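**Q** Next comes input-v7.cif, mmCIF, N, CA and C atoms:
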```
data_data
loop_
_atom_site.label_atom_id
_atom_site.label_comp_id
_atom_site.auth_asym_id
_atom_site.auth_seq_id
_atom_site.Cartn_x
_atom_site.Cartn_y
_atom_site.Cartn_z
N MET G 1 -16.23 -18.86 13.74
CA MET G 1 -15.90 -17.62 14.40
C MET G 1 -15.33 -16.60 13.42
N PHE G 2 -14.40 -17.02 12.56
CA PHE G 2 -13.77 -16.08 11.64
C PHE G 2 -14.72 -15.62 10.55
N GLU G 3 -15.81 -16.35 10.29
CA GLU G 3 -16.76 -15.93 9.28
C GLU G 3 -17.39 -14.60 9.65
N ASN G 4 -17.60 -14.36 10.96
CA ASN G 4 -18.19 -13.11 11.42
C ASN G 4 -17.23 -11.94 11.22
N MET G 5 -15.97 -12.20 11.09
CA MET G 5 -14.96 -11.15 10.93
C MET G 5 -14.74 -10.82 9.46
N ARG G 6 -15.33 -11.61 8.57
CA ARG G 6 -15.11 -11.46 7.14
C ARG G 6 -16.34 -10.78 6.52
N ALA G 7 -16.10 -9.88 5.58
CA ALA G 7 -17.19 -9.21 4.88
C ALA G 7 -17.97 -10.23 4.06
N SER G 8 -19.14 -9.85 3.61
CA SER G 8 -19.95 -10.74 2.79
C SER G 8 -19.26 -11.00 1.46
N GLU G 9 -19.62 -12.06 0.81
CA GLU G 9 -19.04 -12.39 -0.49
C GLU G 9 -19.31 -11.28 -1.50
N ALA G 10 -20.50 -10.66 -1.41
CA ALA G 10 -20.83 -9.55 -2.32
C ALA G 10 -19.91 -8.34 -2.07
N ASP G 11 -19.65 -8.04 -0.79
CA ASP G 11 -18.75 -6.93 -0.47
C ASP G 11 -17.33 -7.22 -0.94
N ILE G 12 -16.88 -8.44 -0.75
CA ILE G 12 -15.53 -8.81 -1.19
C ILE G 12 -15.43 -8.76 -2.71
N ALA G 13 -16.47 -9.20 -3.39
CA ALA G 13 -16.47 -9.14 -4.86
C ALA G 13 -16.40 -7.70 -5.33
N GLU G 14 -17.14 -6.80 -4.66
CA GLU G 14 -17.10 -5.37 -5.01
C GLU G 14 -15.71 -4.80 -4.76
N ARG G 15 -15.09 -5.18 -3.67
CA ARG G 15 -13.73 -4.72 -3.37
C ARG G 15 -12.74 -5.22 -4.42
N ASN G 16 -12.89 -6.47 -4.81
CA ASN G 16 -11.99 -7.03 -5.83
C ASN G 16 -12.15 -6.28 -7.16
N GLU G 17 -13.39 -5.96 -7.53
CA GLU G 17 -13.63 -5.20 -8.76
C GLU G 17 -13.00 -3.81 -8.67
N ARG G 18 -13.16 -3.16 -7.52
CA ARG G 18 -12.57 -1.84 -7.31
C ARG G 18 -11.05 -1.92 -7.37
N ALA G 19 -10.48 -2.97 -6.79
CA ALA G 19 -9.02 -3.15 -6.81
C ALA G 19 -8.50 -3.31 -8.24
N VAL G 20 -9.25 -4.02 -9.06
CA VAL G 20 -8.85 -4.18 -10.47
C VAL G 20 -8.86 -2.82 -11.16
N LYS G 21 -9.89 -2.03 -10.92
CA LYS G 21 -9.98 -0.70 -11.54
C LYS G 21 -8.87 0.22 -11.04
N VAL G 22 -8.55 0.14 -9.77
CA VAL G 22 -7.46 0.93 -9.20
C VAL G 22 -6.14 0.52 -9.85
N ALA G 23 -5.90 -0.77 -9.94
CA ALA G 23 -4.67 -1.27 -10.56
C ALA G 23 -4.57 -0.84 -12.02
N GLU G 24 -5.69 -0.88 -12.74
CA GLU G 24 -5.69 -0.44 -14.13
C GLU G 24 -5.37 1.04 -14.25
N ALA G 25 -5.93 1.86 -13.35
CA ALA G 25 -5.66 3.30 -13.39
C ALA G 25 -4.19 3.59 -13.12
N LEU G 26 -3.62 2.89 -12.17
CA LEU G 26 -2.20 3.09 -11.86
C LEU G 26 -1.30 2.58 -12.98
N ALA G 27 -1.65 1.44 -13.55
CA ALA G 27 -0.86 0.90 -14.67
C ALA G 27 -0.93 1.82 -15.88
N SER G 28 -2.10 2.40 -16.12
CA SER G 28 -2.22 3.30 -17.28
C SER G 28 -1.40 4.58 -17.06
N ALA G 29 -1.13 4.92 -15.80
CA ALA G 29 -0.28 6.07 -15.49
C ALA G 29 1.20 5.71 -15.56
N GLY G 30 1.50 4.42 -15.78
CA GLY G 30 2.88 4.00 -15.96
C GLY G 30 3.50 3.28 -14.78
N PHE G 31 2.73 3.04 -13.74
CA PHE G 31 3.27 2.34 -12.57
C PHE G 31 3.32 0.83 -12.79
N VAL G 32 4.31 0.20 -12.19
CA VAL G 32 4.31 -1.25 -12.06
C VAL G 32 3.41 -1.54 -10.88
N VAL G 33 2.39 -2.37 -11.10
CA VAL G 33 1.39 -2.63 -10.07
C VAL G 33 1.41 -4.11 -9.72
N GLN G 34 1.39 -4.39 -8.42
CA GLN G 34 1.31 -5.77 -7.95
C GLN G 34 0.02 -5.95 -7.17
N GLN G 35 -0.63 -7.09 -7.43
CA GLN G 35 -1.83 -7.43 -6.66
C GLN G 35 -1.69 -8.79 -6.02
N ASN G 36 -1.19 -9.74 -6.76
CA ASN G 36 -1.04 -11.10 -6.24
C ASN G 36 0.38 -11.28 -5.74
N VAL G 37 0.50 -11.48 -4.46
CA VAL G 37 1.82 -11.55 -3.84
C VAL G 37 2.09 -13.00 -3.42
N ASP G 38 3.29 -13.45 -3.74
CA ASP G 38 3.74 -14.73 -3.22
C ASP G 38 5.12 -14.53 -2.61
N GLN G 39 5.65 -15.54 -1.99
CA GLN G 39 6.93 -15.42 -1.29
C GLN G 39 8.09 -15.14 -2.23
N GLU G 40 7.98 -15.49 -3.49
CA GLU G 40 9.09 -15.34 -4.41
C GLU G 40 9.11 -13.99 -5.12
N THR G 41 8.07 -13.21 -4.96
CA THR G 41 7.96 -11.93 -5.64
C THR G 41 8.55 -10.83 -4.76
N GLU G 42 9.46 -10.04 -5.35
CA GLU G 42 9.95 -8.88 -4.61
C GLU G 42 8.86 -7.83 -4.64
N LEU G 43 8.51 -7.34 -3.46
CA LEU G 43 7.49 -6.31 -3.37
C LEU G 43 8.12 -4.99 -3.75
N GLN G 44 7.76 -4.50 -4.93
CA GLN G 44 8.34 -3.26 -5.43
C GLN G 44 7.32 -2.57 -6.31
N GLY G 45 7.17 -1.27 -6.14
CA GLY G 45 6.22 -0.52 -6.92
C GLY G 45 4.91 -0.35 -6.18
N ALA G 46 3.86 -0.07 -6.91
CA ALA G 46 2.54 0.14 -6.31
C ALA G 46 1.90 -1.21 -6.00
N MET G 47 1.41 -1.35 -4.78
CA MET G 47 0.75 -2.58 -4.34
C MET G 47 -0.71 -2.26 -4.08
N VAL G 48 -1.61 -3.02 -4.71
CA VAL G 48 -3.05 -2.87 -4.49
C VAL G 48 -3.50 -4.08 -3.69
N LEU G 49 -4.12 -3.84 -2.55
CA LEU G 49 -4.51 -4.91 -1.62
C LEU G 49 -6.00 -4.85 -1.31
N VAL G 50 -6.59 -6.01 -1.13
CA VAL G 50 -7.98 -6.12 -0.68
C VAL G 50 -7.97 -6.81 0.68
N ASP G 51 -8.50 -6.13 1.68
CA ASP G 51 -8.63 -6.72 3.01
C ASP G 51 -10.08 -7.13 3.18
N PRO G 52 -10.37 -8.41 3.43
CA PRO G 52 -11.74 -8.89 3.51
C PRO G 52 -12.42 -8.67 4.86
N ALA G 53 -11.80 -7.96 5.77
CA ALA G 53 -12.38 -7.77 7.10
C ALA G 53 -13.72 -7.05 7.02
N ASN G 54 -14.58 -7.36 7.97
CA ASN G 54 -15.94 -6.82 8.01
C ASN G 54 -16.03 -5.60 8.93
N ASP G 55 -14.91 -4.94 9.16
CA ASP G 55 -14.92 -3.75 10.01
C ASP G 55 -14.09 -2.66 9.34
N SER G 56 -13.66 -1.68 10.08
CA SER G 56 -12.93 -0.55 9.50
C SER G 56 -11.59 -0.95 8.91
N ARG G 57 -11.09 -2.13 9.24
CA ARG G 57 -9.83 -2.59 8.66
C ARG G 57 -10.01 -3.07 7.22
N GLY G 58 -11.22 -3.40 6.84
CA GLY G 58 -11.49 -3.95 5.52
C GLY G 58 -11.56 -2.89 4.45
N GLY G 59 -11.32 -3.31 3.21
CA GLY G 59 -11.43 -2.38 2.09
C GLY G 59 -10.35 -2.61 1.06
N VAL G 60 -10.18 -1.60 0.21
CA VAL G 60 -9.16 -1.62 -0.84
C VAL G 60 -8.08 -0.61 -0.46
N PHE G 61 -6.83 -1.05 -0.54
CA PHE G 61 -5.71 -0.23 -0.11
C PHE G 61 -4.61 -0.21 -1.16
N VAL G 62 -3.84 0.88 -1.15
CA VAL G 62 -2.69 1.01 -2.04
C VAL G 62 -1.52 1.47 -1.19
N ARG G 63 -0.35 0.90 -1.46
CA ARG G 63 0.86 1.38 -0.80
C ARG G 63 2.02 1.30 -1.78
N TRP G 64 3.04 2.08 -1.50
CA TRP G 64 4.24 2.09 -2.32
C TRP G 64 5.31 1.24 -1.66
N ASN G 65 5.95 0.39 -2.44
CA ASN G 65 7.06 -0.41 -1.95
C ASN G 65 8.32 -0.02 -2.70
N ALA G 66 9.26 0.58 -1.98
CA ALA G 66 10.57 0.85 -2.56
C ALA G 66 11.28 -0.50 -2.72
N SER G 67 12.39 -0.51 -3.43
CA SER G 67 13.13 -1.76 -3.64
C SER G 67 13.59 -2.35 -2.31
N SER G 68 13.80 -3.64 -2.30
CA SER G 68 14.26 -4.30 -1.07
C SER G 68 15.63 -3.77 -0.66
N SER G 69 16.47 -3.42 -1.63
CA SER G 69 17.79 -2.89 -1.27
C SER G 69 17.67 -1.55 -0.55
N LEU G 70 16.78 -0.67 -1.02
CA LEU G 70 16.59 0.60 -0.34
C LEU G 70 15.98 0.39 1.04
N ASN G 71 14.99 -0.49 1.14
CA ASN G 71 14.38 -0.81 2.44
C ASN G 71 15.42 -1.32 3.43
N GLU G 72 16.23 -2.28 2.99
CA GLU G 72 17.22 -2.88 3.88
C GLU G 72 18.29 -1.88 4.28
N ASN G 73 18.79 -1.10 3.31
CA ASN G 73 19.81 -0.10 3.63
C ASN G 73 19.28 0.97 4.58
N ALA G 74 18.04 1.39 4.37
CA ALA G 74 17.45 2.39 5.26
C ALA G 74 17.31 1.84 6.67
N ALA G 75 16.86 0.60 6.79
CA ALA G 75 16.70 0.00 8.12
C ALA G 75 18.06 -0.15 8.81
N LYS G 76 19.06 -0.64 8.10
CA LYS G 76 20.40 -0.80 8.69
C LYS G 76 20.96 0.54 9.13
N ASN G 77 20.83 1.55 8.28
CA ASN G 77 21.37 2.86 8.61
C ASN G 77 20.61 3.52 9.74
N ALA G 78 19.33 3.31 9.82
CA ALA G 78 18.54 3.88 10.93
C ALA G 78 18.97 3.26 12.25
N LEU G 79 19.24 1.95 12.25
CA LEU G 79 19.70 1.30 13.47
C LEU G 79 21.08 1.78 13.86
N LYS G 80 21.93 1.97 12.87
CA LYS G 80 23.32 2.37 13.12
C LYS G 80 23.46 3.85 13.41
N ASP G 81 22.85 4.69 12.56
CA ASP G 81 23.06 6.14 12.65
C ASP G 81 21.82 6.93 13.04
N GLY G 82 20.72 6.26 13.24
CA GLY G 82 19.48 6.95 13.57
C GLY G 82 18.75 7.43 12.32
N VAL G 83 17.62 8.06 12.54
CA VAL G 83 16.78 8.48 11.42
C VAL G 83 17.33 9.69 10.67
N ASP G 84 18.44 10.23 11.14
CA ASP G 84 19.07 11.35 10.44
C ASP G 84 20.08 10.89 9.40
N SER G 85 20.25 9.58 9.24
CA SER G 85 21.20 9.11 8.23
C SER G 85 20.69 9.49 6.84
N PRO G 86 21.60 9.84 5.93
CA PRO G 86 21.19 10.24 4.58
C PRO G 86 20.36 9.18 3.86
N ILE G 87 20.69 7.92 4.03
CA ILE G 87 19.94 6.86 3.34
C ILE G 87 18.53 6.75 3.91
N PHE G 88 18.38 6.85 5.23
CA PHE G 88 17.05 6.79 5.81
C PHE G 88 16.22 8.00 5.40
N ARG G 89 16.85 9.18 5.35
CA ARG G 89 16.13 10.38 4.90
C ARG G 89 15.68 10.23 3.45
N HIS G 90 16.55 9.64 2.61
CA HIS G 90 16.18 9.40 1.21
C HIS G 90 15.00 8.43 1.13
N PHE G 91 15.07 7.34 1.87
CA PHE G 91 13.97 6.37 1.90
C PHE G 91 12.67 7.05 2.32
N SER G 92 12.72 7.84 3.38
CA SER G 92 11.52 8.54 3.86
C SER G 92 10.98 9.49 2.81
N PHE G 93 11.87 10.21 2.14
CA PHE G 93 11.45 11.13 1.09
C PHE G 93 10.74 10.38 -0.03
N VAL G 94 11.32 9.27 -0.47
CA VAL G 94 10.72 8.49 -1.56
C VAL G 94 9.33 8.02 -1.17
N VAL G 95 9.20 7.44 0.00
CA VAL G 95 7.91 6.89 0.43
C VAL G 95 6.86 8.01 0.59
N GLU G 96 7.25 9.12 1.17
CA GLU G 96 6.32 10.23 1.35
C GLU G 96 5.86 10.79 0.00
N GLN G 97 6.80 10.98 -0.92
CA GLN G 97 6.46 11.53 -2.23
C GLN G 97 5.58 10.57 -3.03
N MET G 98 5.87 9.29 -2.96
CA MET G 98 5.07 8.32 -3.70
C MET G 98 3.66 8.20 -3.11
N HIS G 99 3.55 8.33 -1.80
CA HIS G 99 2.22 8.32 -1.16
C HIS G 99 1.39 9.48 -1.71
N ALA G 100 1.98 10.66 -1.73
CA ALA G 100 1.27 11.84 -2.23
C ALA G 100 0.95 11.69 -3.72
N THR G 101 1.90 11.17 -4.48
CA THR G 101 1.69 11.00 -5.92
C THR G 101 0.61 9.98 -6.21
N LEU G 102 0.66 8.84 -5.55
CA LEU G 102 -0.37 7.82 -5.77
C LEU G 102 -1.76 8.36 -5.40
N SER G 103 -1.85 9.05 -4.27
CA SER G 103 -3.13 9.62 -3.86
C SER G 103 -3.65 10.60 -4.89
N ALA G 104 -2.77 11.46 -5.39
CA ALA G 104 -3.18 12.46 -6.38
C ALA G 104 -3.61 11.81 -7.69
N ILE G 105 -2.87 10.83 -8.14
CA ILE G 105 -3.22 10.15 -9.40
C ILE G 105 -4.54 9.42 -9.27
N LEU G 106 -4.74 8.74 -8.15
CA LEU G 106 -6.02 8.04 -7.95
C LEU G 106 -7.17 9.04 -7.88
N GLY G 107 -6.97 10.17 -7.21
CA GLY G 107 -8.00 11.20 -7.17
C GLY G 107 -8.31 11.74 -8.55
N SER G 108 -7.26 11.96 -9.35
CA SER G 108 -7.46 12.44 -10.72
C SER G 108 -8.22 11.44 -11.57
N ALA G 109 -8.03 10.15 -11.27
CA ALA G 109 -8.72 9.09 -12.01
C ALA G 109 -10.15 8.87 -11.52
N GLY G 110 -10.58 9.66 -10.52
CA GLY G 110 -11.97 9.58 -10.07
C GLY G 110 -12.19 8.75 -8.82
N PHE G 111 -11.13 8.31 -8.17
CA PHE G 111 -11.28 7.50 -6.95
C PHE G 111 -11.24 8.40 -5.73
N ASP G 112 -11.89 7.94 -4.66
CA ASP G 112 -11.82 8.61 -3.37
C ASP G 112 -10.67 7.97 -2.60
N ALA G 113 -9.47 8.52 -2.77
CA ALA G 113 -8.26 7.97 -2.14
C ALA G 113 -7.89 8.84 -0.95
N VAL G 114 -7.88 8.24 0.24
CA VAL G 114 -7.61 8.97 1.47
C VAL G 114 -6.55 8.24 2.29
N ASP G 115 -5.96 8.96 3.22
CA ASP G 115 -5.02 8.33 4.13
C ASP G 115 -5.77 7.30 4.97
N ALA G 116 -5.19 6.12 5.13
CA ALA G 116 -5.86 5.04 5.85
C ALA G 116 -5.79 5.19 7.37
N ASP G 117 -5.02 6.14 7.87
CA ASP G 117 -4.87 6.34 9.32
C ASP G 117 -4.49 5.03 10.03
N ASP G 118 -3.47 4.37 9.50
CA ASP G 118 -2.98 3.11 10.05
C ASP G 118 -1.63 3.38 10.70
N ASP G 119 -1.58 3.30 12.03
CA ASP G 119 -0.34 3.58 12.75
C ASP G 119 0.80 2.63 12.36
N MET G 120 0.45 1.41 12.00
CA MET G 120 1.48 0.43 11.63
C MET G 120 1.97 0.63 10.20
N ASN G 121 1.20 1.33 9.39
CA ASN G 121 1.57 1.58 7.99
C ASN G 121 1.12 3.00 7.66
N PRO G 122 1.91 4.00 8.06
CA PRO G 122 1.46 5.39 7.96
C PRO G 122 1.27 5.92 6.54
N TYR G 123 1.77 5.23 5.54
CA TYR G 123 1.62 5.70 4.16
C TYR G 123 0.67 4.83 3.36
N LEU G 124 -0.25 4.19 4.04
CA LEU G 124 -1.26 3.35 3.41
C LEU G 124 -2.42 4.23 2.94
N ILE G 125 -2.88 3.97 1.72
CA ILE G 125 -3.97 4.73 1.12
C ILE G 125 -5.21 3.84 1.06
N ARG G 126 -6.33 4.35 1.55
CA ARG G 126 -7.61 3.64 1.44
C ARG G 126 -8.33 4.19 0.22
N VAL G 127 -8.86 3.29 -0.61
CA VAL G 127 -9.64 3.70 -1.78
C VAL G 127 -11.09 3.34 -1.50
N ASN G 128 -11.88 4.37 -1.19
CA ASN G 128 -13.28 4.17 -0.83
C ASN G 128 -14.15 3.98 -2.07
N PRO G 129 -15.32 3.35 -1.86
CA PRO G 129 -16.25 3.19 -3.01
C PRO G 129 -16.77 4.52 -3.50
#
```
I need this file expressed as structure tokens, please.

**A**
Amino acid sequence: MFENMRASEADIAERNERAVKVAEALASAGFVVQQNVDQETELQGAMVLVDPANDSRGGVFVRWNASSSLNENAAKNALKDGVDSPIFRHFSFVVEQMHATLSAILGSAGFDAVDADDDMNPYLIRVNP
């Protein structure tokens, strides 16, 4: 059943190649780039992801991960003081600016980087072929 939900091996291989090129472009611009994630790695910096789905959810994606301390402090302050807390506003500013910066850098490097229109991850960037 899940095989029907997964893109072909050729499509996944193409996505993996594109992800490597995206990661190289971001690294050459000076970003710390993560692709292989495990439980022990702190997610911080530019993250390049390949989703193997065979529908609109599939593809190559980039997102910015602020430090875990900023993420945690923003979440705590938002719960305590609402989204108007200075720490939450700072977190939002960082994420918004990095989304715009990553998109612009990828575009400058020749990639078609667009907003992924993901309600669960509003600052996710899709990198089209």

**Q** Apply the PyMOL selection byres ((chain G and resi 44) around 5) to the file shown and report the selected residues as a ChimeraX atom specification.

**A** /G:42-43,45-46,65-66

**Q** Could you pull out the alpha helix (DSSP H) residues of chain G, going by DSSP on the backbone, and write them as a ChimeraX atom specification?

**A** /G:9-28,68-81,86-108

**Q** How close does stretch 54-119 of chain G get to stretch 18-39 of chain G? List, as CSV, each residue of stretch 54-119 of chain G within 8 Å, its nearest atom pair and the distance in Å to one decimal, counting all atoms listed in the file.

**A**
```
residue,atom,partner,partner_atom,distance
G:Gly59,C,G:Ala19,N,7.9
G:Val60,CA,G:Ala19,CA,6.2
G:Phe61,N,G:Ala19,CA,7.0
G:Leu102,CA,G:Leu26,CA,7.9
G:Ile105,C,G:Ala25,C,7.0
G:Leu106,CA,G:Ala25,C,7.1
G:Ala109,CA,G:Ala25,CA,6.7
G:Phe111,CA,G:Val22,CA,7.9
```

**Q** Those same residues - N, CA and C atoms - I'd like them written as a PDB file, in the coordinates of the input.

**A**
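Listed below is the output, selection32.pdb:
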```
ATOM      1  N   GLY G  59     -11.320  -3.310   3.210  1.00  0.00           N
ATOM      2  CA  GLY G  59     -11.430  -2.380   2.090  1.00  0.00           C
ATOM      3  C   GLY G  59     -10.350  -2.610   1.060  1.00  0.00           C
ATOM      4  N   VAL G  60     -10.180  -1.600   0.210  1.00  0.00           N
ATOM      5  CA  VAL G  60      -9.160  -1.620  -0.840  1.00  0.00           C
ATOM      6  C   VAL G  60      -8.080  -0.610  -0.460  1.00  0.00           C
ATOM      7  N   PHE G  61      -6.830  -1.050  -0.540  1.00  0.00           N
ATOM      8  CA  PHE G  61      -5.710  -0.230  -0.110  1.00  0.00           C
ATOM      9  C   PHE G  61      -4.610  -0.210  -1.160  1.00  0.00           C
ATOM     10  N   LEU G 102       0.660   8.840  -5.550  1.00  0.00           N
ATOM     11  CA  LEU G 102      -0.370   7.820  -5.770  1.00  0.00           C
ATOM     12  C   LEU G 102      -1.760   8.360  -5.400  1.00  0.00           C
ATOM     13  N   ILE G 105      -2.870  10.830  -8.140  1.00  0.00           N
ATOM     14  CA  ILE G 105      -3.220  10.150  -9.400  1.00  0.00           C
ATOM     15  C   ILE G 105      -4.540   9.420  -9.270  1.00  0.00           C
ATOM     16  N   LEU G 106      -4.740   8.740  -8.150  1.00  0.00           N
ATOM     17  CA  LEU G 106      -6.020   8.040  -7.950  1.00  0.00           C
ATOM     18  C   LEU G 106      -7.170   9.040  -7.880  1.00  0.00           C
ATOM     19  N   ALA G 109      -8.030  10.150 -11.270  1.00  0.00           N
ATOM     20  CA  ALA G 109      -8.720   9.090 -12.010  1.00  0.00           C
ATOM     21  C   ALA G 109     -10.150   8.870 -11.520  1.00  0.00           C
ATOM     22  N   PHE G 111     -11.130   8.310  -8.170  1.00  0.00           N
ATOM     23  CA  PHE G 111     -11.280   7.500  -6.950  1.00  0.00           C
ATOM     24  C   PHE G 111     -11.240   8.400  -5.730  1.00  0.00           C
TER      25      PHE G 111
END
```

**Q** I need the strand (DSSP E or B) residues of chain G per DSSP on the backbone, written as a list in words.

**A** Arg6, Val33, Gln34, Gly45, Ala46, Met47, Val48, Leu49, Val50, Asp51, Ala53, Gly59, Val60, Phe61, Val62, Arg63, Trp64, Asn65, Asp112, Ala113, Val114, Asp115, Ile125, Arg126, Val127 and Asn128 of chain G

**Q** Would you mind telling me which residue in G:Ile87, G:Ala10, G:Met47, G:Ile125 lies nearest to G:Ser103 when using all atoms listed in the file?

**A** G:Ile125

**Q** Between atom CA of G:Ala74 and atom CA of G:Ala113, what distance in Å does the model show, to one decimal?

**A**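 Between atom CA of G:Ala74 and atom CA of G:Ala113 the gap is 27.3 Å.
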
**Q** Any idea what the distance is between atom CA of G:Arg6 and atom CA of G:Pro52?

**A** 5.6 Å

**Q** I'd like the box whose edges run along x, y and z of the file and which contains every listed atom of stretch 109-128 of chain G, padded by 5 Å per side; could you state its centre and edge lengths in Å, one decimal, as AutoDock Vina command-line options?

**A**
```
--center_x -6.1 --center_y 5.3 --center_z 0.4 --size_x 26.1 --size_y 19.7 --size_z 34.8
```
